[in-house]
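coords.pdb (PDB, C-alpha atoms and all ligand atoms) appears below.
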```pdb
ATOM      1  CA  MET A   1      -9.677   0.474  18.546
ATOM      2  CA  GLN A   2      -8.065  -1.549  15.756
ATOM      3  CA  ILE A   3      -5.139  -1.385  13.367
ATOM      4  CA  PHE A   4      -5.349  -2.594   9.771
ATOM      5  CA  LEU A   5      -2.399  -2.684   7.377
ATOM      6  CA  ASP A   6      -2.634  -0.817   4.074
ATOM      7  CA  THR A   7      -0.556  -2.963   1.746
ATOM      8  CA  ALA A   8      -0.670  -5.590  -0.987
ATOM      9  CA  ASN A   9       2.635  -7.200   0.008
ATOM     10  CA  TYR A  10       2.217 -10.712   1.426
ATOM     11  CA  HIS A  11       5.541 -10.817   3.300
ATOM     12  CA  GLU A  12       4.976  -7.435   4.909
ATOM     13  CA  ILE A  13       1.617  -8.702   6.158
ATOM     14  CA  ALA A  14       2.886 -12.087   7.407
ATOM     15  CA  GLU A  15       5.652 -10.449   9.426
ATOM     16  CA  ARG A  16       3.282  -8.050  11.215
ATOM     17  CA  TYR A  17       0.455 -10.596  11.578
ATOM     18  CA  ALA A  18       2.784 -12.522  13.864
ATOM     19  CA  THR A  19       2.616  -9.630  16.374
ATOM     20  CA  GLY A  20      -1.066 -10.308  17.022
ATOM     21  CA  LEU A  21      -1.741  -6.553  16.791
ATOM     22  CA  VAL A  22      -3.211  -6.404  13.290
ATOM     23  CA  SER A  23      -6.956  -6.960  12.741
ATOM     24  CA  GLY A  24      -7.348  -6.424   9.018
ATOM     25  CA  ILE A  25      -5.984  -5.410   5.623
ATOM     26  CA  THR A  26      -6.921  -2.702   3.152
ATOM     27  CA  THR A  27      -5.789  -2.751  -0.462
ATOM     28  CA  ASN A  28      -6.354  -0.537  -3.471
ATOM     29  CA  PRO A  29      -5.516  -0.764  -7.203
ATOM     30  CA  THR A  30      -2.370   1.332  -6.786
ATOM     31  CA  LEU A  31      -0.961  -0.926  -4.048
ATOM     32  CA  VAL A  32      -1.791  -4.019  -6.124
ATOM     33  CA  ARG A  33      -0.169  -2.553  -9.242
ATOM     34  CA  LYS A  34       2.986  -1.701  -7.280
ATOM     35  CA  SER A  35       3.278  -5.171  -5.730
ATOM     36  CA  GLY A  36       2.623  -6.889  -9.091
ATOM     37  CA  VAL A  37       0.249  -9.524  -7.655
ATOM     38  CA  ASP A  38      -2.962 -10.824  -9.193
ATOM     39  CA  TYR A  39      -5.694  -9.029  -7.184
ATOM     40  CA  PHE A  40      -8.079 -11.973  -6.828
ATOM     41  CA  ASP A  41      -5.339 -14.506  -5.963
ATOM     42  CA  PHE A  42      -3.887 -12.124  -3.423
ATOM     43  CA  ILE A  43      -7.179 -11.678  -1.549
ATOM     44  CA  ARG A  44      -7.839 -15.422  -1.689
ATOM     45  CA  THR A  45      -4.371 -16.164  -0.283
ATOM     46  CA  LEU A  46      -4.809 -13.704   2.583
ATOM     47  CA  SER A  47      -8.146 -15.280   3.448
ATOM     48  CA  ARG A  48      -6.566 -18.761   3.388
ATOM     49  CA  ASP A  49      -3.474 -17.942   5.438
ATOM     50  CA  PHE A  50      -4.655 -15.478   8.081
ATOM     51  CA  ALA A  51      -7.626 -14.930  10.413
ATOM     52  CA  PHE A  52      -8.372 -11.273   9.767
ATOM     53  CA  GLU A  53     -11.644  -9.583  10.707
ATOM     54  CA  SER A  54     -11.667  -7.652   7.433
ATOM     55  CA  ILE A  55      -9.777  -7.766   4.118
ATOM     56  CA  SER A  56     -10.767  -4.941   1.764
ATOM     57  CA  ALA A  57     -10.780  -5.643  -1.984
ATOM     58  CA  GLU A  58     -11.562  -2.658  -4.206
ATOM     59  CA  VAL A  59     -13.919  -3.246  -7.124
ATOM     60  CA  ASP A  60     -13.996  -1.641 -10.544
ATOM     61  CA  GLY A  61     -17.010  -0.676 -12.623
ATOM     62  CA  LYS A  62     -18.659   2.181 -14.467
ATOM     63  CA  ASN A  63     -21.918   1.698 -12.584
ATOM     64  CA  ALA A  64     -23.404  -0.106  -9.572
ATOM     65  CA  ASP A  65     -24.278  -3.224 -11.570
ATOM     66  CA  GLU A  66     -20.699  -3.612 -12.794
ATOM     67  CA  MET A  67     -19.317  -3.043  -9.303
ATOM     68  CA  ILE A  68     -21.656  -5.670  -7.852
ATOM     69  CA  GLU A  69     -20.735  -8.098 -10.624
ATOM     70  CA  ASN A  70     -17.046  -7.525  -9.922
ATOM     71  CA  ALA A  71     -17.695  -8.007  -6.190
ATOM     72  CA  GLN A  72     -19.237 -11.467  -6.647
ATOM     73  CA  GLN A  73     -15.891 -13.233  -7.095
ATOM     74  CA  TYR A  74     -14.546 -11.739  -3.851
ATOM     75  CA  ILE A  75     -17.703 -12.370  -1.818
ATOM     76  CA  LYS A  76     -17.324 -16.101  -2.451
ATOM     77  CA  ILE A  77     -13.881 -16.118  -0.827
ATOM     78  CA  GLY A  78     -15.053 -15.544   2.734
ATOM     79  CA  SER A  79     -17.178 -13.422   5.053
ATOM     80  CA  GLU A  80     -14.210 -11.282   6.122
ATOM     81  CA  VAL A  81     -13.725 -10.066   2.541
ATOM     82  CA  THR A  82     -14.910  -6.485   2.491
ATOM     83  CA  ILE A  83     -15.974  -4.905  -0.787
ATOM     84  CA  LYS A  84     -14.334  -1.534  -1.231
ATOM     85  CA  LEU A  85     -16.419   0.900  -3.258
ATOM     86  CA  PRO A  86     -15.844   4.481  -4.360
ATOM     87  CA  LEU A  87     -17.761   7.278  -2.663
ATOM     88  CA  THR A  88     -19.845   8.101  -5.730
ATOM     89  CA  LYS A  89     -23.570   7.818  -6.400
ATOM     90  CA  GLU A  90     -23.031   4.468  -8.178
ATOM     91  CA  GLY A  91     -20.656   3.252  -5.477
ATOM     92  CA  LEU A  92     -23.239   4.021  -2.796
ATOM     93  CA  ILE A  93     -26.034   2.317  -4.745
ATOM     94  CA  ALA A  94     -23.832  -0.787  -4.899
ATOM     95  CA  CYS A  95     -22.973  -0.370  -1.207
ATOM     96  CA  LYS A  96     -26.654  -0.275  -0.191
ATOM     97  CA  ILE A  97     -27.466  -3.423  -2.168
ATOM     98  CA  LEU A  98     -24.448  -5.359  -0.883
ATOM     99  CA  SER A  99     -24.888  -4.161   2.716
ATOM    100  CA  ASP A 100     -28.549  -5.206   2.673
ATOM    101  CA  GLU A 101     -27.346  -8.670   1.606
ATOM    102  CA  GLY A 102     -25.013  -8.822   4.619
ATOM    103  CA  VAL A 103     -21.793  -8.260   2.660
ATOM    104  CA  LYS A 104     -19.122  -6.195   4.434
ATOM    105  CA  THR A 105     -18.430  -2.911   2.624
ATOM    106  CA  ASN A 106     -15.797  -0.184   2.831
ATOM    107  CA  VAL A 107     -16.623   3.111   1.131
ATOM    108  CA  THR A 108     -13.394   4.763   0.109
ATOM    109  CA  LEU A 109     -12.164   8.210  -0.952
ATOM    110  CA  CYS A 110     -14.177  10.174   1.603
ATOM    111  CA  PHE A 111     -13.303  13.865   1.831
ATOM    112  CA  SER A 112     -16.343  15.493   3.491
ATOM    113  CA  ALA A 113     -18.886  15.058   6.266
ATOM    114  CA  ALA A 114     -21.678  15.321   3.681
ATOM    115  CA  GLN A 115     -20.261  12.264   1.911
ATOM    116  CA  ALA A 116     -20.158  10.507   5.276
ATOM    117  CA  VAL A 117     -23.897  11.131   5.743
ATOM    118  CA  MET A 118     -24.654   9.433   2.420
ATOM    119  CA  THR A 119     -22.323   6.540   3.255
ATOM    120  CA  ALA A 120     -24.053   5.912   6.583
ATOM    121  CA  LEU A 121     -27.430   5.870   4.840
ATOM    122  CA  ALA A 122     -26.033   3.320   2.375
ATOM    123  CA  GLY A 123     -25.349   1.036   5.353
ATOM    124  CA  ALA A 124     -21.581   0.754   4.850
ATOM    125  CA  THR A 125     -19.598  -1.319   7.318
ATOM    126  CA  TYR A 126     -16.643   1.093   7.070
ATOM    127  CA  ILE A 127     -16.044   4.579   5.732
ATOM    128  CA  SER A 128     -12.509   5.583   4.768
ATOM    129  CA  PRO A 129     -11.707   9.300   5.161
ATOM    130  CA  PHE A 130      -8.343   9.981   3.495
ATOM    131  CA  VAL A 131      -6.394  11.930   6.091
ATOM    132  CA  GLY A 132      -3.086  12.304   4.228
ATOM    133  CA  ARG A 133      -4.679  13.378   0.961
ATOM    134  CA  MET A 134      -6.724  16.011   2.843
ATOM    135  CA  ASN A 135      -3.505  17.319   4.380
ATOM    136  CA  ASP A 136      -1.794  17.257   0.950
ATOM    137  CA  ASN A 137      -4.503  19.643  -0.256
ATOM    138  CA  SER A 138      -4.296  22.052   2.702
ATOM    139  CA  PHE A 139      -7.346  20.710   4.546
ATOM    140  CA  SER A 140      -7.136  19.047   7.942
ATOM    141  CA  GLY A 141      -7.535  15.288   7.696
ATOM    142  CA  VAL A 142      -7.823  14.949  11.447
ATOM    143  CA  GLU A 143     -10.638  17.528  11.514
ATOM    144  CA  LEU A 144     -12.479  15.502   8.864
ATOM    145  CA  VAL A 145     -12.216  12.420  11.082
ATOM    146  CA  ARG A 146     -13.425  14.479  14.040
ATOM    147  CA  ALA A 147     -16.449  15.745  12.076
ATOM    148  CA  ILE A 148     -17.437  12.262  10.915
ATOM    149  CA  GLY A 149     -16.722  10.663  14.294
ATOM    150  CA  GLY A 150     -18.837  13.286  16.094
ATOM    151  CA  LEU A 151     -21.708  12.954  13.654
ATOM    152  CA  TYR A 152     -21.746   9.155  13.701
ATOM    153  CA  SER A 153     -21.559   9.053  17.465
ATOM    154  CA  ALA A 154     -24.368  11.646  17.898
ATOM    155  CA  LYS A 155     -26.629   9.794  15.483
ATOM    156  CA  ARG A 156     -25.591   6.321  16.669
ATOM    157  CA  VAL A 157     -24.487   5.307  13.188
ATOM    158  CA  GLU A 158     -23.055   1.787  13.052
ATOM    159  CA  THR A 159     -20.686   2.451  10.145
ATOM    160  CA  LYS A 160     -17.126   2.317  11.482
ATOM    161  CA  VAL A 161     -14.738   5.165  10.767
ATOM    162  CA  LEU A 162     -11.587   3.709   9.172
ATOM    163  CA  ALA A 163      -9.012   6.493   8.993
ATOM    164  CA  ALA A 164      -6.942   5.937   5.841
ATOM    165  CA  SER A 165      -4.118   7.575   3.929
ATOM    166  CA  LEU A 166      -2.128   7.918   7.160
ATOM    167  CA  ARG A 167       1.522   8.640   6.509
ATOM    168  CA  ASP A 168       2.884   9.416   9.967
ATOM    169  CA  VAL A 169       2.626   8.154  13.516
ATOM    170  CA  HIS A 170       1.567  11.476  14.962
ATOM    171  CA  HIS A 171      -1.802  11.414  13.154
ATOM    172  CA  VAL A 172      -2.676   7.890  14.275
ATOM    173  CA  SER A 173      -3.514   8.466  17.941
ATOM    174  CA  ARG A 174      -5.233  11.760  17.108
ATOM    175  CA  CYS A 175      -7.526  10.054  14.591
ATOM    176  CA  LEU A 176      -8.399   7.361  17.133
ATOM    177  CA  LEU A 177      -9.049   9.960  19.828
ATOM    178  CA  TYR A 178     -11.232  12.047  17.507
ATOM    179  CA  GLY A 179     -13.520   9.255  16.425
ATOM    180  CA  ALA A 180     -11.785   6.700  14.224
ATOM    181  CA  ASP A 181     -12.630   3.109  15.164
ATOM    182  CA  VAL A 182      -9.863   1.756  12.965
ATOM    183  CA  VAL A 183      -6.690   3.137  11.393
ATOM    184  CA  THR A 184      -5.144   1.554   8.315
ATOM    185  CA  LEU A 185      -1.393   2.000   8.144
ATOM    186  CA  PRO A 186       1.402   1.416   5.657
ATOM    187  CA  THR A 187       3.801  -1.067   7.267
ATOM    188  CA  ALA A 188       6.489   1.629   7.647
ATOM    189  CA  VAL A 189       4.121   3.642   9.852
ATOM    190  CA  PHE A 190       3.033   0.530  11.785
ATOM    191  CA  ASP A 191       6.687  -0.281  12.542
ATOM    192  CA  LYS A 192       7.366   3.249  13.781
ATOM    193  CA  MET A 193       4.444   3.034  16.250
ATOM    194  CA  TYR A 194       6.639   1.038  18.652
ATOM    195  CA  ASN A 195       9.533   3.436  18.646
ATOM    196  CA  HIS A 196      10.631   6.265  20.879
ATOM    197  CA  VAL A 197      14.118   7.665  21.249
ATOM    198  CA  LEU A 198      13.743   7.749  25.061
ATOM    199  CA  THR A 199      12.766   4.063  25.108
ATOM    200  CA  ASP A 200      15.993   3.252  23.231
ATOM    201  CA  ALA A 201      18.058   5.449  25.563
ATOM    202  CA  GLY A 202      16.421   3.998  28.678
ATOM    203  CA  LEU A 203      16.867   0.453  27.451
ATOM    204  CA  ALA A 204      20.562   1.019  26.763
ATOM    205  CA  ILE A 205      21.037   2.066  30.410
ATOM    206  CA  PHE A 206      18.972  -0.869  31.743
ATOM    207  CA  GLU A 207      20.908  -3.351  29.589
ATOM    208  CA  LYS A 208      24.212  -1.968  30.904
ATOM    209  CA  ASP A 209      22.911  -2.232  34.489
ATOM    210  CA  PHE A 210      21.673  -5.786  33.853
ATOM    211  CA  LYS A 211      25.205  -6.735  32.812
ATOM    212  CA  GLU A 212      26.565  -5.333  36.075
ATOM    213  CA  ILE A 213      24.017  -6.948  38.394
ATOM    214  CA  ASN A 214      24.131 -10.274  36.600
ATOM    215  CA  GLY A 215      27.919 -10.264  36.345
TER     216      GLY A 215
HETATM  217  C1  LIG B   1      -7.046   3.315   2.038
HETATM  218  O1  LIG B   1      -7.881   2.469   2.033
HETATM  219  C2  LIG B   1      -6.112   3.587   0.958
HETATM  220  O2  LIG B   1      -5.698   2.333   0.446
HETATM  221  C3  LIG B   1      -4.862   4.316   1.375
HETATM  222  O3  LIG B   1      -4.849   4.539   2.764
HETATM  223  C4  LIG B   1      -4.511   5.487   0.542
HETATM  224  O4  LIG B   1      -3.327   6.069   1.038
HETATM  225  P1  LIG B   1      -2.497   7.147   0.201
HETATM  226  O5  LIG B   1      -3.283   8.416   0.151
HETATM  227  O6  LIG B   1      -1.230   7.301   0.998
HETATM  228  O7  LIG B   1      -2.277   6.560  -1.153
END
```
Rewrite the coordinates I just gave you, this time as structure tokens.
Ligand code: E4P
Amino acid sequence: MQIFLDTANYHEIAERYATGLVSGITTNPTLVRKSGVDYFDFIRTLSRDFAFESISAEVDGKNADEMIENAQQYIKIGSEVTIKLPLTKEGLIACKILSDEGVKTNVTLCFSAAQAVMTALAGATYISPFVGRMNDNSFSGVELVRAIGGLYSAKRVETKVLAASLRDVHHVSRCLLYGADVVTLPTAVFDKMYNHVLTDAGLAIFEKDFKEING
């Protein structure tokens, strides 16, 4: 069971890295555009400054050859750099070639169990079902994770299920219970994972009692 952070903001990452609870990072073109960083420099800086198990960098390209060419710059950075590819025919062709070469891969934008079958056959390291975007479109994201988790476990598939597009705390534990190996979280969701109103209320009472017993 692992938590990755889904962000392209260096300071957000550094602050949470210090907790020791974060194992990796996922990025995408939208997150990079919003943070205004240079994609390649950002991935290289993360690799230099932190010891993550996986840092996903999404590649662009009209076909598998272009995606593989785009991936080359990232592969040189370090073995934790994980090439993120779209769940399309060309993305899976690129995934198979890169996976066979021992490169870590993350196949993104998964919305069905059928797509998960193809991704497993392409030898991906991770598959990213998009829970929130399923829910946005009136499908159950958690059920998608359950279907993929059940299938991969029954067939002993090594591809790890990386539940993505998670927008609230309540889906996190359910995804992990239903078969996700990893969840990738926006930092706002990660921060909320610690919190409970009853913890705050209980702590307030204990702090008051501490004052009394300690004078
Ligand atoms: C995952 O790899 C994606 O970067 C991300 O989780 C997408 O989340 P969104 O649907 O909230 O944009």
task = Report the residues retrieved by the PyMOL selection byres (((not hetatm)) within 7 of (chain B and resi 1)) from the displayed file, expressed as a list in words.
result = Asp6, Thr26, Thr27, Asn28, Thr108, Ser128, Phe130, Gly132, Arg133, Ala164, Ser165, Leu166, Arg167, Thr184 and Leu185 of chain A
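The spacing separating atom CA of A:Glu15 from atom CA of A:Asp191 amounts to 10.7 Å.
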Per-residue nearest contacts stretch 14-37 of chain A to stretch 41-50 of chain A, cut-off 9 Å, using all atoms listed in the file, as CSV:
```
residue,atom,partner,partner_atom,distance
A:Ala14,CA,A:Phe50,CA,8.3
A:Tyr17,CA,A:Phe50,CA,7.9
A:Ile25,CA,A:Leu46,CA,8.9
A:Val32,CA,A:Phe42,CA,8.8
A:Val37,CA,A:Phe42,CA,6.5
```
Residues within 9 Å of stretch 112-120 of chain A, all atoms listed in the file, excluding chain neighbours under 3 positions, as a PyMOL selection string | chain A and resi 87-88+92+95-96+107+123-127+129+144-145+147-148+151-152+157-159
Could the residues in this selection be written to a file with C-alpha atoms, as a PDB file, in the coordinates of the input?
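Generated output (part-v7.pdb):
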```
ATOM      1  CA  LEU A  87     -17.761   7.278  -2.663  1.00  0.00           C
ATOM      2  CA  THR A  88     -19.845   8.101  -5.730  1.00  0.00           C
ATOM      3  CA  LEU A  92     -23.239   4.021  -2.796  1.00  0.00           C
ATOM      4  CA  CYS A  95     -22.973  -0.370  -1.207  1.00  0.00           C
ATOM      5  CA  LYS A  96     -26.654  -0.275  -0.191  1.00  0.00           C
ATOM      6  CA  VAL A 107     -16.623   3.111   1.131  1.00  0.00           C
ATOM      7  CA  GLY A 123     -25.349   1.036   5.353  1.00  0.00           C
ATOM      8  CA  ALA A 124     -21.581   0.754   4.850  1.00  0.00           C
ATOM      9  CA  THR A 125     -19.598  -1.319   7.318  1.00  0.00           C
ATOM     10  CA  TYR A 126     -16.643   1.093   7.070  1.00  0.00           C
ATOM     11  CA  ILE A 127     -16.044   4.579   5.732  1.00  0.00           C
ATOM     12  CA  PRO A 129     -11.707   9.300   5.161  1.00  0.00           C
ATOM     13  CA  LEU A 144     -12.479  15.502   8.864  1.00  0.00           C
ATOM     14  CA  VAL A 145     -12.216  12.420  11.082  1.00  0.00           C
ATOM     15  CA  ALA A 147     -16.449  15.745  12.076  1.00  0.00           C
ATOM     16  CA  ILE A 148     -17.437  12.262  10.915  1.00  0.00           C
ATOM     17  CA  LEU A 151     -21.708  12.954  13.654  1.00  0.00           C
ATOM     18  CA  TYR A 152     -21.746   9.155  13.701  1.00  0.00           C
ATOM     19  CA  VAL A 157     -24.487   5.307  13.188  1.00  0.00           C
ATOM     20  CA  GLU A 158     -23.055   1.787  13.052  1.00  0.00           C
ATOM     21  CA  THR A 159     -20.686   2.451  10.145  1.00  0.00           C
TER      22      THR A 159
END
```
note - atom CA of A:Asp136 and atom CA of A:Asp168 are separated by 12.8 Å
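If you measure from each of A:Val197, A:Val183, A:Ala122, A:Val169 to A:Thr105 using only C-alpha atoms, the closest one turns out to be A:Ala122.
Minimum distance to A:Leu5 across A:Phe111, A:Phe210, A:Phe52, A:Tyr74 (counting only C-alpha atoms) occurs at A:Phe52.
Each of A:Lys62, A:Lys211, A:His11, A:Arg174 was checked against A:Ser140 using all atoms listed in the file; the smallest atom-to-atom distance is that of A:Arg174.
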note - atom CA of A:Glu12 and atom CA of A:Lys34 are separated by 13.6 Å
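Excluding A:Pro86 itself and same-chain residues fewer than 2 positions from it, the residues having an atom within 9 Å of it are Glu58, Val59, Asp60, Lys84, Thr88, Lys89, Glu90, Gly91, Leu92, Asn106, Val107, Thr108, Leu109 and Cys110 of chain A, counting only C-alpha atoms.
Distances here use all atoms listed in the file; by that measure, the residue among A:Ile205, A:Leu177, A:Val189, A:Leu121 closest to A:Phe4 is A:Val189.
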Checklist entry - So what does the PyMOL selection byres (((chain A and resi 71) around 12) and not hetatm) actually pick up in this one, as number ranges by chain? => result A: 40, 56-61, 64-70, 72-78, 81-85, 91, 94-95, 97-98, 103-105
Could the residues in this selection be written to a file with C-alpha atoms, as a PDB file, in the frame of the given file?
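Result file result20.pdb:
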```
ATOM      1  CA  PHE A  40      -8.079 -11.973  -6.828  1.00  0.00           C
ATOM      2  CA  SER A  56     -10.767  -4.941   1.764  1.00  0.00           C
ATOM      3  CA  ALA A  57     -10.780  -5.643  -1.984  1.00  0.00           C
ATOM      4  CA  GLU A  58     -11.562  -2.658  -4.206  1.00  0.00           C
ATOM      5  CA  VAL A  59     -13.919  -3.246  -7.124  1.00  0.00           C
ATOM      6  CA  ASP A  60     -13.996  -1.641 -10.544  1.00  0.00           C
ATOM      7  CA  GLY A  61     -17.010  -0.676 -12.623  1.00  0.00           C
ATOM      8  CA  ALA A  64     -23.404  -0.106  -9.572  1.00  0.00           C
ATOM      9  CA  ASP A  65     -24.278  -3.224 -11.570  1.00  0.00           C
ATOM     10  CA  GLU A  66     -20.699  -3.612 -12.794  1.00  0.00           C
ATOM     11  CA  MET A  67     -19.317  -3.043  -9.303  1.00  0.00           C
ATOM     12  CA  ILE A  68     -21.656  -5.670  -7.852  1.00  0.00           C
ATOM     13  CA  GLU A  69     -20.735  -8.098 -10.624  1.00  0.00           C
ATOM     14  CA  ASN A  70     -17.046  -7.525  -9.922  1.00  0.00           C
ATOM     15  CA  GLN A  72     -19.237 -11.467  -6.647  1.00  0.00           C
ATOM     16  CA  GLN A  73     -15.891 -13.233  -7.095  1.00  0.00           C
ATOM     17  CA  TYR A  74     -14.546 -11.739  -3.851  1.00  0.00           C
ATOM     18  CA  ILE A  75     -17.703 -12.370  -1.818  1.00  0.00           C
ATOM     19  CA  LYS A  76     -17.324 -16.101  -2.451  1.00  0.00           C
ATOM     20  CA  ILE A  77     -13.881 -16.118  -0.827  1.00  0.00           C
ATOM     21  CA  GLY A  78     -15.053 -15.544   2.734  1.00  0.00           C
ATOM     22  CA  VAL A  81     -13.725 -10.066   2.541  1.00  0.00           C
ATOM     23  CA  THR A  82     -14.910  -6.485   2.491  1.00  0.00           C
ATOM     24  CA  ILE A  83     -15.974  -4.905  -0.787  1.00  0.00           C
ATOM     25  CA  LYS A  84     -14.334  -1.534  -1.231  1.00  0.00           C
ATOM     26  CA  LEU A  85     -16.419   0.900  -3.258  1.00  0.00           C
ATOM     27  CA  GLY A  91     -20.656   3.252  -5.477  1.00  0.00           C
ATOM     28  CA  ALA A  94     -23.832  -0.787  -4.899  1.00  0.00           C
ATOM     29  CA  CYS A  95     -22.973  -0.370  -1.207  1.00  0.00           C
ATOM     30  CA  ILE A  97     -27.466  -3.423  -2.168  1.00  0.00           C
ATOM     31  CA  LEU A  98     -24.448  -5.359  -0.883  1.00  0.00           C
ATOM     32  CA  VAL A 103     -21.793  -8.260   2.660  1.00  0.00           C
ATOM     33  CA  LYS A 104     -19.122  -6.195   4.434  1.00  0.00           C
ATOM     34  CA  THR A 105     -18.430  -2.911   2.624  1.00  0.00           C
TER      35      THR A 105
END
```
Box along x, y and z, 6 Å on every side, all listed atoms of stretch 48-53 of chain A inside: centre and edge lengths in Å to one decimal, as AutoDock Vina command-line options.
```
--center_x -7.6 --center_y -14.2 --center_z 7.0 --size_x 20.2 --size_y 21.2 --size_z 19.3
```
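All polymer residues at most 12 Å from (-7.3, 6.7, 18.0), using only C-alpha atoms, appear as A:Met1, A:Gln2, A:Ile3, A:Val142, A:Val145, A:Arg146, A:Gly149, A:Val161, A:Leu162, A:Ala163, A:Val169, A:His170, A:His171, A:Val172, A:Ser173, A:Arg174, A:Cys175, A:Leu176, A:Leu177, A:Tyr178, A:Gly179, A:Ala180, A:Asp181, A:Val182, A:Val183, A:Thr184.
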What would stretch 6-21 of chain A look like with N, CA, C and O atoms in place, written as a PDB file, keeping the file's coordinate frame?
```pdb
ATOM      1  N   ASP A   6      -2.270  -1.309   5.402  1.00  0.00           N
ATOM      2  CA  ASP A   6      -2.634  -0.817   4.074  1.00  0.00           C
ATOM      3  C   ASP A   6      -1.535  -1.231   3.107  1.00  0.00           C
ATOM      4  O   ASP A   6      -0.583  -0.473   2.863  1.00  0.00           O
ATOM      5  N   THR A   7      -1.628  -2.441   2.597  1.00  0.00           N
ATOM      6  CA  THR A   7      -0.556  -2.963   1.746  1.00  0.00           C
ATOM      7  C   THR A   7      -1.058  -4.150   0.927  1.00  0.00           C
ATOM      8  O   THR A   7      -1.998  -4.830   1.338  1.00  0.00           O
ATOM      9  N   ALA A   8      -0.386  -4.392  -0.195  1.00  0.00           N
ATOM     10  CA  ALA A   8      -0.670  -5.590  -0.987  1.00  0.00           C
ATOM     11  C   ALA A   8       0.586  -6.451  -1.082  1.00  0.00           C
ATOM     12  O   ALA A   8       0.820  -7.123  -2.073  1.00  0.00           O
ATOM     13  N   ASN A   9       1.396  -6.411  -0.018  1.00  0.00           N
ATOM     14  CA  ASN A   9       2.635  -7.200   0.008  1.00  0.00           C
ATOM     15  C   ASN A   9       2.487  -8.323   1.046  1.00  0.00           C
ATOM     16  O   ASN A   9       2.377  -8.069   2.242  1.00  0.00           O
ATOM     17  N   TYR A  10       2.482  -9.553   0.558  1.00  0.00           N
ATOM     18  CA  TYR A  10       2.217 -10.712   1.426  1.00  0.00           C
ATOM     19  C   TYR A  10       3.230 -10.803   2.582  1.00  0.00           C
ATOM     20  O   TYR A  10       2.853 -11.024   3.733  1.00  0.00           O
ATOM     21  N   HIS A  11       4.510 -10.639   2.270  1.00  0.00           N
ATOM     22  CA  HIS A  11       5.541 -10.817   3.300  1.00  0.00           C
ATOM     23  C   HIS A  11       5.455  -9.730   4.368  1.00  0.00           C
ATOM     24  O   HIS A  11       5.631 -10.011   5.559  1.00  0.00           O
ATOM     25  N   GLU A  12       5.156  -8.519   3.929  1.00  0.00           N
ATOM     26  CA  GLU A  12       4.976  -7.435   4.909  1.00  0.00           C
ATOM     27  C   GLU A  12       3.834  -7.786   5.876  1.00  0.00           C
ATOM     28  O   GLU A  12       3.917  -7.540   7.070  1.00  0.00           O
ATOM     29  N   ILE A  13       2.779  -8.353   5.332  1.00  0.00           N
ATOM     30  CA  ILE A  13       1.617  -8.702   6.158  1.00  0.00           C
ATOM     31  C   ILE A  13       1.963  -9.843   7.111  1.00  0.00           C
ATOM     32  O   ILE A  13       1.693  -9.763   8.318  1.00  0.00           O
ATOM     33  N   ALA A  14       2.578 -10.902   6.582  1.00  0.00           N
ATOM     34  CA  ALA A  14       2.886 -12.087   7.407  1.00  0.00           C
ATOM     35  C   ALA A  14       3.755 -11.702   8.602  1.00  0.00           C
ATOM     36  O   ALA A  14       3.517 -12.149   9.725  1.00  0.00           O
ATOM     37  N   GLU A  15       4.738 -10.838   8.343  1.00  0.00           N
ATOM     38  CA  GLU A  15       5.652 -10.449   9.426  1.00  0.00           C
ATOM     39  C   GLU A  15       4.905  -9.711  10.547  1.00  0.00           C
ATOM     40  O   GLU A  15       5.136  -9.969  11.724  1.00  0.00           O
ATOM     41  N   ARG A  16       4.005  -8.833  10.180  1.00  0.00           N
ATOM     42  CA  ARG A  16       3.282  -8.050  11.215  1.00  0.00           C
ATOM     43  C   ARG A  16       2.115  -8.839  11.808  1.00  0.00           C
ATOM     44  O   ARG A  16       1.724  -8.614  12.948  1.00  0.00           O
ATOM     45  N   TYR A  17       1.553  -9.748  11.062  1.00  0.00           N
ATOM     46  CA  TYR A  17       0.455 -10.596  11.578  1.00  0.00           C
ATOM     47  C   TYR A  17       0.935 -11.346  12.815  1.00  0.00           C
ATOM     48  O   TYR A  17       0.203 -11.528  13.784  1.00  0.00           O
ATOM     49  N   ALA A  18       2.199 -11.753  12.765  1.00  0.00           N
ATOM     50  CA  ALA A  18       2.784 -12.522  13.864  1.00  0.00           C
ATOM     51  C   ALA A  18       2.787 -11.737  15.183  1.00  0.00           C
ATOM     52  O   ALA A  18       2.891 -12.329  16.250  1.00  0.00           O
ATOM     53  N   THR A  19       2.646 -10.415  15.133  1.00  0.00           N
ATOM     54  CA  THR A  19       2.616  -9.630  16.374  1.00  0.00           C
ATOM     55  C   THR A  19       1.296  -9.787  17.113  1.00  0.00           C
ATOM     56  O   THR A  19       1.200  -9.494  18.304  1.00  0.00           O
ATOM     57  N   GLY A  20       0.263 -10.206  16.410  1.00  0.00           N
ATOM     58  CA  GLY A  20      -1.066 -10.308  17.022  1.00  0.00           C
ATOM     59  C   GLY A  20      -1.764  -8.961  17.171  1.00  0.00           C
ATOM     60  O   GLY A  20      -2.836  -8.872  17.773  1.00  0.00           O
ATOM     61  N   LEU A  21      -1.194  -7.906  16.602  1.00  0.00           N
ATOM     62  CA  LEU A  21      -1.741  -6.553  16.791  1.00  0.00           C
ATOM     63  C   LEU A  21      -2.516  -6.040  15.578  1.00  0.00           C
ATOM     64  O   LEU A  21      -3.033  -4.927  15.596  1.00  0.00           O
TER      65      LEU A  21
END
```
